[in-house]
Amino acid sequence: MSETHYHHLRDLPSRHILGAGTPMCAGCGGLATLHQVYDLMGEKCVIVNGASCLTLLSVYPYTPFRGSWLYTAMACAPAGAQGVRDGLDILKKKGRISEAEDLAVVVLTGDGSAYGMGLSATSGAMDRNLNFLYLCYDNEGYGNTGQQFSPATPHAAHTATSKGPKGYPGYKKDLFTIWAAHQPSYVATVVAAEPLDLARKIERARSLTGPRLILALAPCPTGWDYEPSATVEIGKLAVQTGIWPLKEYVDGTVIHTKIPHPRLEVREYLKAQGRFRHLFAPRENREMIAEIQAGVDRYWQHVEHEQEQPRS
Amino acid sequence: MTRKLLTGNGAAAWGARLARIDYLPAFPITPQTEIIETLGSWIEGRELECRMVTLESEHSMLTAAGAAAVTGVRVFTATSSQGLLYATEMLYTVAGWRVPLVMVNVSRGLSSPITLEPDHNDVLAMRDCGFLQLHCATCQEVLDNLLIAYRLAEHPTVRLPVLVNLDGFYLSFTREPVLIPSQAEVDRFLPPFNPGSIRFRGGEPLSEGVAVLEGSAYSYFRYQAHLASLQGLAVYEELGQEFAGLFGRSYTALECYKSEDAEIVLVMIGSFATKAKEAVDRLREAGKKVGLVRPRLVRPFPAAPLREALAGKKAVAVIDQNLSPGKGGILHGELASALYGMAEAPPVLASFVGGLGGRDISSEEFFEIHKVVQQAVNEGVNPLPRLLYTEEELRGVRTMQSVARAADTKQGGGA
């Protein structure tokens, strides 16, 4: 990534093109991500949306987007992207529009669609090598309906449907690896709290064609139960504790773009959020915190091990 | 113009080809598959300049179809049965986008029990989605109505997707002589698609499918689609005349066969109506004043033409190749709502359900229907709804049941 234009925060776009005054919650990590991505992508794109919180950005007769928008349904935004991309390609091929009238096609969904209901349509779009960018803002639950657990919910988190002392019994699905297994053009994780890393990844994604995923951890004050002002801090903690590894997949290789060093204890991230409060009060659940820490440690040991191996 | 033996599926493919479709999102399902295979082979052979994409489901197929139509290209797609139902959410959705795509449904009964054989429960389950529905009885009608369907869908006062229905097996796989018009002739009837203001282009931002959060806007847009659909009736009649002027074959919302002076009228849709016509001829030979009225349009529902065609009749027998459990025949209920309160409403409106899951309707059954309805006229009592089903069939099912039970016993299910 030596050719990046983004070395300092001052290199980031100073023009902000997504309108303000939307009905999103204060401190919405999804909206923060979209602001940054949209500034980088520009208005020459069609956002193809599946059911999620950000669907409510465009409520008749208002929209914060300067470019185009198509709401489809929860299961099928990538198929909508297929239709738009094919439509534009047909129009270009048959000489009915000029190259200047072409548009980039961007799918925008939350984790409920990206990790679950829309996974079949996503896999199909990758099979067909569809030229599109998928932006998933992952707030780790069905946020728009009040934060029930989704396939993206982390182990032990309290959600509206996992309120017991052990929280969510399942484990967060590894969407990054599921995408990478399809061998698409690009897969990257980002978080709005690391805007330079995010900008470089959007830059990289835009330089490529084919299926590309930007998977953004989206801290959610309403669903994760913390003060809206803490969204950036929680995003940074997710990276510093190693629970949200910043990485990218290109040409069959996974590269970690920001290795936390020193890596903070995961409890720093957990205790900042009400959804993990039951791990600390009324008394500390050391076993469960240790289990989560062990999972993160195992991940990074694996990464370090891989880095020590000479590539064949 | 050439004359060729074509299956219903072949006629559908020819209709789409002559309409110069730009985009074909596809997914195979029996008995529709021949349509996309035929179009696919023409695309491969460069006889048709169209992009075909096989999606991973009908739900995605309809999404891609609608999204491409919003982008401004002419779209065709086809499905059947379970595929149609799998796409249900998107049928409603793309109708709300007001995109003028055309879809063929090759009718097939619904699970469960799972079957490949035809009836109309699949297409009638989509009554309320906003697609206009054209129902065909012959292979020629399939080809011709595909061309009319594009004009209808793209008409500025309609601008809704159109579903063209043909019966699985009985029409999809039956070869009939079909007149295939030349491309130049079709081009005179169907000009290139003009997407108007609904299209995605760089520099022309457009928001499509946006949410509304209150009932007044929702009601407005839904009712607008309803009014647009209702416009489709007059537009179809106009297009039918224009088509007749160019091709010599005329299409109206209703096919009325010997119904003008009839006292008893059969009402049904689809290819089995050709069997009904044959039965009408035989009954006429026996001196019975019988006729047939076959709606080609089911949505919009041609209520006014039906009232006109059925006013003053002694009896109407509706033959439904569908079954709404807990209600009965769907078209019977729809027709009743159109006739109720009319000054010259037929006093007898009888309901027959038959042809489910590929079951045939025999000439004898049409005669029996006539007999039952004639008796109802004589007695002045509306007959109870009936299922067309023979004792022989019942014996056959009893045999199957005994086989099924015998197998259970062999596997240790019995004592």
# chains A, B, ... in the order shown; residues from 1 in each chain; ligands from 1
$ interface_residues --of "chain B" --to "chain A" --cutoff "9 Å" --atoms "only C-alpha atoms" --output "ChimeraX atom specification"
/B:22-23,25,50-51,53-57,59-73,89-90,93-94,200-213,217
$ write_last_selection --atoms "C-alpha atoms" --output "PDB file, in the first residue's frame"
ATOM      1  CA  ASP B  22     -32.016  -6.808 -23.253  1.00  0.00           C
ATOM      2  CA  TYR B  23     -31.766  -8.847 -20.086  1.00  0.00           C
ATOM      3  CA  PRO B  25     -32.255 -13.169 -15.297  1.00  0.00           C
ATOM      4  CA  CYS B  50     -29.317 -10.137 -24.691  1.00  0.00           C
ATOM      5  CA  ARG B  51     -27.475 -10.764 -21.429  1.00  0.00           C
ATOM      6  CA  VAL B  53     -27.603 -14.380 -15.956  1.00  0.00           C
ATOM      7  CA  THR B  54     -28.494 -17.419 -13.887  1.00  0.00           C
ATOM      8  CA  LEU B  55     -29.167 -16.318 -10.324  1.00  0.00           C
ATOM      9  CA  GLU B  56     -29.029 -18.589  -7.294  1.00  0.00           C
ATOM     10  CA  SER B  57     -32.772 -18.384  -6.596  1.00  0.00           C
ATOM     11  CA  HIS B  59     -36.006 -14.411  -5.141  1.00  0.00           C
ATOM     12  CA  SER B  60     -32.703 -13.052  -6.440  1.00  0.00           C
ATOM     13  CA  MET B  61     -33.877 -13.503 -10.034  1.00  0.00           C
ATOM     14  CA  LEU B  62     -36.836 -11.190  -9.503  1.00  0.00           C
ATOM     15  CA  THR B  63     -34.641  -8.726  -7.614  1.00  0.00           C
ATOM     16  CA  ALA B  64     -32.149  -8.582 -10.480  1.00  0.00           C
ATOM     17  CA  ALA B  65     -35.014  -8.324 -12.978  1.00  0.00           C
ATOM     18  CA  GLY B  66     -36.538  -5.364 -11.150  1.00  0.00           C
ATOM     19  CA  ALA B  67     -33.192  -3.676 -10.539  1.00  0.00           C
ATOM     20  CA  ALA B  68     -32.207  -3.932 -14.212  1.00  0.00           C
ATOM     21  CA  ALA B  69     -35.602  -2.612 -15.269  1.00  0.00           C
ATOM     22  CA  VAL B  70     -35.111   0.354 -12.913  1.00  0.00           C
ATOM     23  CA  THR B  71     -31.753   0.908 -14.589  1.00  0.00           C
ATOM     24  CA  GLY B  72     -33.569   1.219 -17.899  1.00  0.00           C
ATOM     25  CA  VAL B  73     -33.325  -1.976 -19.932  1.00  0.00           C
ATOM     26  CA  GLU B  89     -41.652 -10.810  -1.640  1.00  0.00           C
ATOM     27  CA  MET B  90     -39.920  -9.389  -4.683  1.00  0.00           C
ATOM     28  CA  THR B  93     -41.570  -5.097  -4.246  1.00  0.00           C
ATOM     29  CA  VAL B  94     -40.792  -4.634  -7.937  1.00  0.00           C
ATOM     30  CA  PHE B 200     -30.145   5.065 -13.064  1.00  0.00           C
ATOM     31  CA  ARG B 201     -27.634   7.357 -14.778  1.00  0.00           C
ATOM     32  CA  GLY B 202     -24.519   9.166 -13.659  1.00  0.00           C
ATOM     33  CA  GLY B 203     -25.438  12.800 -12.951  1.00  0.00           C
ATOM     34  CA  GLU B 204     -29.166  12.022 -12.518  1.00  0.00           C
ATOM     35  CA  PRO B 205     -29.556  10.873  -8.912  1.00  0.00           C
ATOM     36  CA  LEU B 206     -32.655   8.768  -8.325  1.00  0.00           C
ATOM     37  CA  SER B 207     -33.960   7.127  -5.160  1.00  0.00           C
ATOM     38  CA  GLU B 208     -36.103   4.069  -5.771  1.00  0.00           C
ATOM     39  CA  GLY B 209     -37.935   1.909  -3.264  1.00  0.00           C
ATOM     40  CA  VAL B 210     -37.549   4.388  -0.387  1.00  0.00           C
ATOM     41  CA  ALA B 211     -39.412   3.873   2.868  1.00  0.00           C
ATOM     42  CA  VAL B 212     -42.519   5.787   3.871  1.00  0.00           C
ATOM     43  CA  LEU B 213     -43.305   6.098   7.542  1.00  0.00           C
ATOM     44  CA  ALA B 217     -48.085   8.343   1.725  1.00  0.00           C
TER      45      ALA B 217
END
$ residues_around --residues "Ser113 in chain A" --least-positions-apart "5" --cutoff "8 Å" --atoms "only C-alpha atoms" --output "list in words"
Gly50, Ala51, Ser52, Met74, Ala75, Gly118 and Leu119 of chain A
$ write_last_selection --atoms "N, CA and C atoms" --output "PDB file, in the first residue's frame"
ATOM      1  N   GLY A  50     -30.228  -3.391   1.654  1.00  0.00           N
ATOM      2  CA  GLY A  50     -31.120  -4.423   2.174  1.00  0.00           C
ATOM      3  C   GLY A  50     -31.574  -3.993   3.561  1.00  0.00           C
ATOM      4  N   ALA A  51     -32.682  -4.556   4.040  1.00  0.00           N
ATOM      5  CA  ALA A  51     -33.308  -4.095   5.288  1.00  0.00           C
ATOM      6  C   ALA A  51     -32.308  -3.999   6.431  1.00  0.00           C
ATOM      7  N   SER A  52     -32.200  -2.830   7.015  1.00  0.00           N
ATOM      8  CA  SER A  52     -31.258  -2.582   8.105  1.00  0.00           C
ATOM      9  C   SER A  52     -31.562  -1.199   8.668  1.00  0.00           C
ATOM     10  N   MET A  74     -34.398  -7.683   2.538  1.00  0.00           N
ATOM     11  CA  MET A  74     -33.319  -8.102   3.433  1.00  0.00           C
ATOM     12  C   MET A  74     -32.414  -9.174   2.814  1.00  0.00           C
ATOM     13  N   ALA A  75     -33.003 -10.051   2.002  1.00  0.00           N
ATOM     14  CA  ALA A  75     -32.245 -11.224   1.542  1.00  0.00           C
ATOM     15  C   ALA A  75     -31.464 -10.998   0.260  1.00  0.00           C
ATOM     16  N   GLY A 118     -28.945 -12.733   3.790  1.00  0.00           N
ATOM     17  CA  GLY A 118     -28.460 -12.392   2.455  1.00  0.00           C
ATOM     18  C   GLY A 118     -27.241 -13.181   2.014  1.00  0.00           C
ATOM     19  N   LEU A 119     -26.854 -14.173   2.794  1.00  0.00           N
ATOM     20  CA  LEU A 119     -25.590 -14.864   2.506  1.00  0.00           C
ATOM     21  C   LEU A 119     -25.651 -15.665   1.200  1.00  0.00           C
TER      22      LEU A 119
END
$ residues_around --residues "range 246-255 of chain B" --least-positions-apart "5" --cutoff "8 Å" --atoms "only C-alpha atoms" --output "list of chain:residue names"
B:Pro181, B:Glu185, B:Phe189, B:Leu233, B:Tyr236, B:Glu237, B:Gly240, B:Gln241, B:Leu292, B:Val293, B:Arg294, B:Pro295, B:Arg296, B:Leu297, B:Pro302, B:Pro305, B:Leu306
$ residues_around --residues "range 197-200 of chain A" --least-positions-apart "5" --cutoff "10 Å" --atoms "only C-alpha atoms" --output "ChimeraX atom specification"
/A:1,3-7,9,11-13,33,36-37,39-41,188-192,205-206,214,216,246-247,257-258
$ write_last_selection --atoms "N, CA and C atoms" --output "short mmCIF file (atom, residue, chain, number, x, y, z; two decimals), in the first residue's frame"
data_model
loop_
_atom_site.label_atom_id
_atom_site.label_comp_id
_atom_site.auth_asym_id
_atom_site.auth_seq_id
_atom_site.Cartn_x
_atom_site.Cartn_y
_atom_site.Cartn_z
N MET A 1 0.84 -1.20 0.00
CA MET A 1 0.00 0.00 0.00
C MET A 1 0.87 1.24 0.00
N GLU A 3 1.52 3.09 -2.38
CA GLU A 3 1.04 4.13 -3.29
C GLU A 3 -0.18 4.87 -2.74
N THR A 4 -0.47 4.67 -1.46
CA THR A 4 -1.66 5.30 -0.92
C THR A 4 -1.56 6.83 -0.90
N HIS A 5 -2.71 7.46 -1.05
CA HIS A 5 -2.77 8.92 -0.92
C HIS A 5 -3.00 9.33 0.52
N TYR A 6 -3.24 8.35 1.37
CA TYR A 6 -3.67 8.67 2.73
C TYR A 6 -2.58 8.35 3.75
N HIS A 7 -1.76 9.35 4.06
CA HIS A 7 -0.68 9.18 5.04
C HIS A 7 -1.03 9.86 6.37
N LEU A 9 -4.17 12.31 8.61
CA LEU A 9 -5.60 12.62 8.67
C LEU A 9 -5.95 13.78 7.74
N ASP A 11 -5.02 14.20 4.89
CA ASP A 11 -5.19 13.72 3.51
C ASP A 11 -6.61 13.23 3.22
N LEU A 12 -7.39 13.07 4.26
CA LEU A 12 -8.76 12.56 4.07
C LEU A 12 -9.63 13.64 3.43
N PRO A 13 -10.71 13.23 2.74
CA PRO A 13 -11.55 14.23 2.05
C PRO A 13 -12.06 15.30 3.02
N THR A 33 -19.32 5.21 9.67
CA THR A 33 -18.63 4.46 8.61
C THR A 33 -19.10 4.93 7.24
N GLN A 36 -17.72 8.26 6.06
CA GLN A 36 -16.34 8.17 5.56
C GLN A 36 -16.28 7.49 4.19
N VAL A 37 -17.02 6.39 4.06
CA VAL A 37 -16.98 5.63 2.81
C VAL A 37 -17.58 6.46 1.66
N ASP A 39 -17.82 9.72 1.37
CA ASP A 39 -16.90 10.81 0.99
C ASP A 39 -15.82 10.29 0.05
N LEU A 40 -15.37 9.07 0.29
CA LEU A 40 -14.30 8.49 -0.53
C LEU A 40 -14.82 7.97 -1.86
N MET A 41 -16.01 7.40 -1.84
CA MET A 41 -16.58 6.82 -3.07
C MET A 41 -17.08 7.92 -4.01
N ALA A 188 -11.93 -6.75 3.35
CA ALA A 188 -11.21 -5.99 4.37
C ALA A 188 -12.10 -5.72 5.56
N THR A 189 -11.51 -5.69 6.74
CA THR A 189 -12.22 -5.23 7.92
C THR A 189 -11.77 -3.80 8.21
N VAL A 190 -12.70 -3.00 8.68
CA VAL A 190 -12.40 -1.61 9.05
C VAL A 190 -13.19 -1.25 10.29
N VAL A 191 -12.88 -0.08 10.84
CA VAL A 191 -13.72 0.52 11.87
C VAL A 191 -13.58 2.03 11.70
N ALA A 192 -14.69 2.75 11.89
CA ALA A 192 -14.67 4.20 11.64
C ALA A 192 -13.68 4.92 12.55
N ALA A 205 -9.86 -0.96 -2.57
CA ALA A 205 -11.05 -1.61 -3.14
C ALA A 205 -11.46 -0.94 -4.45
N ARG A 206 -11.37 0.38 -4.48
CA ARG A 206 -11.79 1.11 -5.69
C ARG A 206 -10.85 0.86 -6.86
N ILE A 214 -16.19 -4.60 2.31
CA ILE A 214 -15.67 -3.79 3.41
C ILE A 214 -16.54 -4.13 4.61
N ALA A 216 -17.28 -3.52 8.31
CA ALA A 216 -17.00 -2.47 9.30
C ALA A 216 -17.63 -2.81 10.64
N LEU A 246 -7.83 -5.68 12.23
CA LEU A 246 -7.90 -4.94 10.97
C LEU A 246 -7.03 -5.68 9.96
N LYS A 247 -7.66 -6.10 8.88
CA LYS A 247 -6.92 -6.95 7.94
C LYS A 247 -7.53 -6.84 6.56
N THR A 257 -3.36 -5.19 8.85
CA THR A 257 -2.92 -3.82 8.53
C THR A 257 -2.59 -3.03 9.79
N LYS A 258 -2.98 -3.54 10.94
CA LYS A 258 -2.68 -2.82 12.18
C LYS A 258 -2.61 -3.86 13.30
#
$ closest_residue --among "A:His35, A:His158, A:Lys201, A:Lys92" --to "Gln273 in chain A" --atoms "only C-alpha atoms"
A:His158
$ residues_around --residues "Pro154 in chain A" --least-positions-apart "2" --cutoff "10 Å" --atoms "only C-alpha atoms" --output "list in words"
Glu140, Gly141, Phe149, Ser150, Pro151, Ala152, Ala156, Ala157, His158, Gly167, Tyr168, Pro169, Gly170, Tyr171, Lys172, Lys173, Ile243 and Ile292 of chain A
$ write_last_selection --atoms "C-alpha atoms" --output "compact mmCIF listing (two decimals), in the first residue's frame"
# COMPACT_ATOMS: atom_id res chain seq x y z
CA GLU A 140 -23.46 -7.38 16.01
CA GLY A 141 -27.21 -7.85 16.25
CA PHE A 149 -28.80 -11.56 18.65
CA SER A 150 -27.72 -12.24 15.05
CA PRO A 151 -25.07 -14.57 13.60
CA ALA A 152 -22.64 -11.65 14.14
CA ALA A 156 -21.58 -13.80 25.99
CA ALA A 157 -23.15 -10.52 24.83
CA HIS A 158 -26.48 -9.55 26.26
CA GLY A 167 -25.59 -13.88 27.46
CA TYR A 168 -25.42 -15.11 23.85
CA PRO A 169 -24.33 -18.76 23.86
CA GLY A 170 -23.11 -18.81 20.24
CA TYR A 171 -19.92 -17.42 18.68
CA LYS A 172 -19.56 -14.66 16.12
CA LYS A 173 -19.58 -16.01 12.59
CA ILE A 243 -10.97 -8.44 19.30
CA ILE A 292 -13.04 -14.57 25.55
$ closest_residue --among "A:Ala32, A:Val254, A:Leu215, A:Val232" --to "Gln183 in chain A" --atoms "only C-alpha atoms"
A:Val254
$ residues_around --residues "Arg127 in chain B" --least-positions-apart "3" --cutoff "10 Å" --atoms "only C-alpha atoms" --output "list in words"
Asp122, Val123, Leu124, Gly130, Phe131, Leu132, Gln133, Val298, Arg299, Pro300 and Phe301 of chain B
$ write_last_selection --atoms "N, CA and C atoms" --output "PDB file, in the first residue's frame"
ATOM      1  N   ASP B 122     -50.615 -21.453  -8.153  1.00  0.00           N
ATOM      2  CA  ASP B 122     -49.400 -20.624  -8.079  1.00  0.00           C
ATOM      3  C   ASP B 122     -49.680 -19.205  -8.552  1.00  0.00           C
ATOM      4  N   VAL B 123     -50.260 -19.085  -9.736  1.00  0.00           N
ATOM      5  CA  VAL B 123     -50.441 -17.744 -10.303  1.00  0.00           C
ATOM      6  C   VAL B 123     -51.506 -16.966  -9.534  1.00  0.00           C
ATOM      7  N   LEU B 124     -52.522 -17.664  -9.039  1.00  0.00           N
ATOM      8  CA  LEU B 124     -53.565 -16.929  -8.317  1.00  0.00           C
ATOM      9  C   LEU B 124     -53.103 -16.516  -6.914  1.00  0.00           C
ATOM     10  N   GLY B 130     -49.652  -6.809  -7.563  1.00  0.00           N
ATOM     11  CA  GLY B 130     -49.505  -5.600  -8.379  1.00  0.00           C
ATOM     12  C   GLY B 130     -49.120  -5.875  -9.822  1.00  0.00           C
ATOM     13  N   PHE B 131     -48.655  -7.107 -10.122  1.00  0.00           N
ATOM     14  CA  PHE B 131     -48.427  -7.482 -11.524  1.00  0.00           C
ATOM     15  C   PHE B 131     -49.781  -7.587 -12.226  1.00  0.00           C
ATOM     16  N   LEU B 132     -49.848  -7.143 -13.475  1.00  0.00           N
ATOM     17  CA  LEU B 132     -51.005  -7.460 -14.293  1.00  0.00           C
ATOM     18  C   LEU B 132     -50.882  -8.927 -14.693  1.00  0.00           C
ATOM     19  N   GLN B 133     -52.011  -9.594 -14.928  1.00  0.00           N
ATOM     20  CA  GLN B 133     -51.969 -11.014 -15.290  1.00  0.00           C
ATOM     21  C   GLN B 133     -52.729 -11.267 -16.588  1.00  0.00           C
ATOM     22  N   VAL B 298     -56.789 -11.352 -15.690  1.00  0.00           N
ATOM     23  CA  VAL B 298     -57.274 -11.632 -14.332  1.00  0.00           C
ATOM     24  C   VAL B 298     -56.962 -10.434 -13.424  1.00  0.00           C
ATOM     25  N   ARG B 299     -55.841  -9.759 -13.721  1.00  0.00           N
ATOM     26  CA  ARG B 299     -55.518  -8.471 -13.107  1.00  0.00           C
ATOM     27  C   ARG B 299     -55.077  -7.548 -14.211  1.00  0.00           C
ATOM     28  N   PRO B 300     -55.725  -6.407 -14.421  1.00  0.00           N
ATOM     29  CA  PRO B 300     -56.912  -5.983 -13.691  1.00  0.00           C
ATOM     30  C   PRO B 300     -58.072  -6.941 -13.952  1.00  0.00           C
ATOM     31  N   PHE B 301     -58.946  -7.070 -12.973  1.00  0.00           N
ATOM     32  CA  PHE B 301     -60.089  -7.964 -13.131  1.00  0.00           C
ATOM     33  C   PHE B 301     -61.101  -7.298 -14.063  1.00  0.00           C
TER      34      PHE B 301
END
$ residues_around --residues "Val164 in chain B" --least-positions-apart "2" --cutoff "7 Å" --atoms "only C-alpha atoms" --output "JSON, numbers by chain"
{"B": [103, 104, 105, 133, 134, 135, 146, 162, 166]}
$ write_last_selection --atoms "C-alpha atoms" --output "PDB file, in the first residue's frame"
ATOM      1  CA  MET B 103     -42.505 -12.453 -16.643  1.00  0.00           C
ATOM      2  CA  VAL B 104     -43.919 -15.728 -17.861  1.00  0.00           C
ATOM      3  CA  ASN B 105     -45.324 -18.131 -15.320  1.00  0.00           C
ATOM      4  CA  GLN B 133     -51.969 -11.014 -15.290  1.00  0.00           C
ATOM      5  CA  LEU B 134     -52.643 -12.261 -18.812  1.00  0.00           C
ATOM      6  CA  HIS B 135     -53.821 -15.875 -19.108  1.00  0.00           C
ATOM      7  CA  LEU B 146     -45.932 -11.460 -24.797  1.00  0.00           C
ATOM      8  CA  VAL B 162     -46.985  -7.977 -16.402  1.00  0.00           C
ATOM      9  CA  LEU B 166     -49.593 -20.530 -19.550  1.00  0.00           C
TER      10      LEU B 166
END
$ select_by_dssp --residues "range 78-300 of chain A" --states "strand (DSSP E or B)" --output "JSON, numbers by chain"
{"A": [104, 105, 106, 107, 108, 109, 110, 132, 133, 134, 135, 136, 137, 138, 142, 148, 159, 162, 186, 187, 188, 189, 190, 191, 211, 212, 213, 214, 215, 216, 217, 246, 247, 248, 249, 250, 253, 254, 255, 256, 257, 258]}
$ atom_distance --atom1 "CA of Tyr38 in chain A" --atom2 "CA of Ile17 in chain A"
7.1 Å
$ decode --residues "range 156-173 of chain A" --atoms "N, CA and C atoms" --output "compact mmCIF listing (two decimals), in the first residue's frame"
# COMPACT_ATOMS: atom_id res chain seq x y z
N ALA A 156 -21.32 -14.35 24.65
CA ALA A 156 -21.58 -13.80 25.99
C ALA A 156 -22.30 -12.46 25.99
N ALA A 157 -22.52 -11.85 24.82
CA ALA A 157 -23.15 -10.52 24.83
C ALA A 157 -24.63 -10.63 25.21
N HIS A 158 -25.05 -9.69 26.00
CA HIS A 158 -26.48 -9.55 26.26
C HIS A 158 -27.14 -8.92 25.05
N THR A 159 -28.22 -9.53 24.61
CA THR A 159 -29.05 -8.89 23.58
C THR A 159 -30.49 -9.03 24.06
N ALA A 160 -31.42 -8.48 23.28
CA ALA A 160 -32.83 -8.55 23.67
C ALA A 160 -33.33 -10.00 23.70
N THR A 161 -32.63 -10.91 23.03
CA THR A 161 -33.03 -12.32 23.04
C THR A 161 -31.96 -13.21 23.70
N SER A 162 -31.03 -12.62 24.41
CA SER A 162 -30.07 -13.41 25.20
C SER A 162 -29.76 -12.62 26.47
N LYS A 163 -30.74 -12.63 27.37
CA LYS A 163 -30.66 -11.78 28.56
C LYS A 163 -30.20 -12.55 29.79
N GLY A 164 -29.91 -13.83 29.63
CA GLY A 164 -29.54 -14.64 30.78
C GLY A 164 -28.15 -14.31 31.31
N PRO A 165 -27.73 -14.95 32.38
CA PRO A 165 -26.44 -14.64 33.00
C PRO A 165 -25.25 -14.97 32.10
N LYS A 166 -25.44 -15.83 31.11
CA LYS A 166 -24.33 -16.16 30.22
C LYS A 166 -24.41 -15.42 28.89
N GLY A 167 -25.47 -14.63 28.71
CA GLY A 167 -25.59 -13.88 27.46
C GLY A 167 -25.76 -14.79 26.26
N TYR A 168 -25.27 -14.35 25.10
CA TYR A 168 -25.42 -15.11 23.85
C TYR A 168 -24.54 -16.35 23.89
N PRO A 169 -25.13 -17.53 23.74
CA PRO A 169 -24.33 -18.76 23.86
C PRO A 169 -23.47 -19.07 22.62
N GLY A 170 -23.83 -18.49 21.48
CA GLY A 170 -23.11 -18.81 20.24
C GLY A 170 -21.83 -18.00 20.10
N TYR A 171 -21.17 -18.15 18.96
CA TYR A 171 -19.92 -17.42 18.68
C TYR A 171 -20.08 -16.65 17.38
N LYS A 172 -19.44 -15.51 17.31
CA LYS A 172 -19.56 -14.66 16.12
C LYS A 172 -19.10 -15.39 14.86
N LYS A 173 -19.91 -15.35 13.85
CA LYS A 173 -19.58 -16.01 12.59
C LYS A 173 -18.41 -15.28 11.92
